Structures are given as C-alpha cells and as structure tokens.
Amino acid sequence: MDNVLTQLDEYNICNRPVYVHCLSDTGVMCYQGLDVAARRSGKDLNIQGVVWDSCCGPYPQVTVLRVLVFTAVWFLCCLQDWTGGEASLKDCFVSSYEMLRDIFIPALVIKWEGKPNPFCLIEGVWAGDFGRDYYKNRFATPELFLYSDTDFYLPYHYMENTVLAMRQNVGAPFRKVMFKGSAHVAHLRNHYKSYIAEIHEFVTQNNNIK
C-alpha cells in the first residue's frame, strides 16, 4: 500500500478530508495496510469517517464445509471474469484448483494438526480484528456499519453482540444499518436508494473540513 499512499500524496488527498469505505474484510485489509504504510512514513490521513460494509468479520474457522463454500465462491468469481471476457474458462479452473491446493487444503491440514491458521495477518493482526478494535485507536472517528440478517460470512449477532456492543459500552460514535435479506456485499445492489441515502447522510453530517 506504499504506492497507494504515494498516489494519494501526489493528488494532495492526504491534506483533504478522507472517508474510507471498506467492502468486506478484503477492503478492511487494504485499509489496514494503508494505515500501516501511513504510520511508517509519518503521514496522518485526515480520516473523517469509516464505512464498514459487510465487515468486520470474526477470525475464520477452518471446516470442510467452509472450504467447499469458499472454493465454490472463488470459482463463481472466476466465472464472472470468464463471462466478462477477462479470463478463459481454463483460467477459471486453474485458479480454483490452485486456490484449493495452495491455501484451502493446507489450512485443513494445519487444523487437523491442532495448529493455528495464520490467515492474512498484517503485523500479527487479522483484518476483522483491526476493524473490530478500530475505535480504540481513533475513538472520535465516526463509523457507519452496513450489514444484513442473511450474510453467511458476517453473522449479524456477531456484529451486534461483539463489534457494536464494544462501542456502545464506551460511547464511541457510530451508526448501524441492518438491511433485510441481502447477501454478503450485496446491500448496495439490493437496497440501492436507502444505501446511497445512508452514505450521503453519513458524509454530510461528519464533514468537518479542517
């Protein structure tokens, strides 16, 4: 993320009010890497607010069922690249096979050996935990949580009983919106008008230009 930080600096974005919008824990991971890069370079982004869409999830537990589900999801994503002309059908199968061979199966072996799985840790911290504990480092930064009651990856009870409860206990500023029936990272597609309205209101209310 050092290159991203350099580009932000080139466009003078580092000196402007910044809103971060994370989609799933992959987006959180990107922000986590950007935060590390900024800290190491001595830069301080003027973060006015953070939107957490379908995140921050609990540390993934490896099971045979989850391996099969995520392999299927990975393959479907590859198929979208194929139908969009960005990859061949052969590439879809090769990519899915390599994901299964290099990541999912070794993760199962590690679990069966009783060892912890070090999934995508940055400085020893899981992306979901970075987001979960974000308020501890930026207590005054407003946060908007967008989630649903049918997300297979991020159970709403984990969101409400853990992530949000931690903020409620200390009075950290946040707003939550639980959408009905939308899948993981599908809230914008399924609730377009209300989603856009929530983002617009969040930015408008918290735009404290300095």
# chains A, B, ... in the order shown; residues from 1 in each chain; ligands from 1
>>> residues_around(residues="Leu164 of chain A", least_positions_apart="5", cutoff="10 Å", atoms="only C-alpha atoms", output="list of chain:residue names")
A:Arg132, A:Phe145, A:His157, A:Tyr158, A:Met159, A:Asn169, A:Ala172, A:Phe174, A:Arg175, A:Lys176
>>> write_last_selection(atoms="N, CA and C atoms", output="PDB file, in the first residue's frame")
ATOM      1  N   ARG A 132     -12.696  -4.395  14.091  1.00  0.00           N
ATOM      2  CA  ARG A 132     -13.420  -4.550  15.363  1.00  0.00           C
ATOM      3  C   ARG A 132     -12.883  -3.593  16.421  1.00  0.00           C
ATOM      4  N   PHE A 145     -21.824   1.232  10.072  1.00  0.00           N
ATOM      5  CA  PHE A 145     -21.807  -0.205   9.847  1.00  0.00           C
ATOM      6  C   PHE A 145     -23.025  -0.613   9.018  1.00  0.00           C
ATOM      7  N   HIS A 157     -25.516 -11.456  14.566  1.00  0.00           N
ATOM      8  CA  HIS A 157     -25.404 -11.493  16.023  1.00  0.00           C
ATOM      9  C   HIS A 157     -23.973 -11.226  16.482  1.00  0.00           C
ATOM     10  N   TYR A 158     -22.978 -11.607  15.651  1.00  0.00           N
ATOM     11  CA  TYR A 158     -21.584 -11.267  15.977  1.00  0.00           C
ATOM     12  C   TYR A 158     -21.383  -9.766  15.862  1.00  0.00           C
ATOM     13  N   MET A 159     -21.924  -9.190  14.799  1.00  0.00           N
ATOM     14  CA  MET A 159     -21.817  -7.746  14.612  1.00  0.00           C
ATOM     15  C   MET A 159     -22.419  -6.990  15.801  1.00  0.00           C
ATOM     16  N   ASN A 169     -20.524   0.258  24.763  1.00  0.00           N
ATOM     17  CA  ASN A 169     -20.062   0.241  26.149  1.00  0.00           C
ATOM     18  C   ASN A 169     -19.203   1.438  26.508  1.00  0.00           C
ATOM     19  N   ALA A 172     -18.519   5.217  21.914  1.00  0.00           N
ATOM     20  CA  ALA A 172     -17.866   5.608  20.660  1.00  0.00           C
ATOM     21  C   ALA A 172     -18.923   5.958  19.612  1.00  0.00           C
ATOM     22  N   PHE A 174     -20.993   5.915  16.392  1.00  0.00           N
ATOM     23  CA  PHE A 174     -21.227   5.041  15.247  1.00  0.00           C
ATOM     24  C   PHE A 174     -22.714   5.005  14.933  1.00  0.00           C
ATOM     25  N   ARG A 175     -23.001   4.561  13.717  1.00  0.00           N
ATOM     26  CA  ARG A 175     -24.378   4.344  13.286  1.00  0.00           C
ATOM     27  C   ARG A 175     -24.428   2.959  12.645  1.00  0.00           C
ATOM     28  N   LYS A 176     -25.515   2.251  12.858  1.00  0.00           N
ATOM     29  CA  LYS A 176     -25.659   0.914  12.288  1.00  0.00           C
ATOM     30  C   LYS A 176     -26.914   0.851  11.426  1.00  0.00           C
TER      31      LYS A 176
END
>>> select_by_dssp(residues="segment 2-183 of chain A", states="alpha helix (DSSP H)", output="PyMOL selection string")
chain A and resi 2-10+24-41+64-83+89-99+105-112+127-132+134-137+156-158+165-170
>>> closest_residue(among="A:Cys30, A:Leu8, A:Cys14, A:Leu23", to="Trp126 of chain A", atoms="only C-alpha atoms")
A:Cys30
>>> closest_residue(among="A:Val185, A:Ala127, A:Met166, A:Val73", to="Gly57 of chain A", atoms="only C-alpha atoms")
A:Ala127
>>> residues_around(residues="Val18 of chain A", least_positions_apart="3", cutoff="10 Å", atoms="only C-alpha atoms", output="list in words")
Ile13, Cys14, Asn15, His21, Leu45, Asn46, Ile47, Gln48, Gly49, Val50, Val203, Asn207 and Ile209 of chain A
>>> write_last_selection(atoms="C-alpha atoms", output="PDB file, in the first residue's frame")
ATOM      1  CA  ILE A  13      -5.586  13.845  -0.950  1.00  0.00           C
ATOM      2  CA  CYS A  14      -3.586  13.389   2.240  1.00  0.00           C
ATOM      3  CA  ASN A  15      -4.350  17.023   3.089  1.00  0.00           C
ATOM      4  CA  HIS A  21     -15.336   2.741   2.572  1.00  0.00           C
ATOM      5  CA  LEU A  45      -4.583  10.904   6.873  1.00  0.00           C
ATOM      6  CA  ASN A  46      -7.407  13.253   7.798  1.00  0.00           C
ATOM      7  CA  ILE A  47      -9.967  10.476   8.313  1.00  0.00           C
ATOM      8  CA  GLN A  48     -13.421  11.981   8.779  1.00  0.00           C
ATOM      9  CA  GLY A  49     -15.304   8.683   8.893  1.00  0.00           C
ATOM     10  CA  VAL A  50     -15.232   4.998   8.027  1.00  0.00           C
ATOM     11  CA  VAL A 203     -20.728  12.090   4.866  1.00  0.00           C
ATOM     12  CA  ASN A 207     -17.818  16.507   7.021  1.00  0.00           C
ATOM     13  CA  ILE A 209     -13.383  20.234   6.918  1.00  0.00           C
TER      14      ILE A 209
END
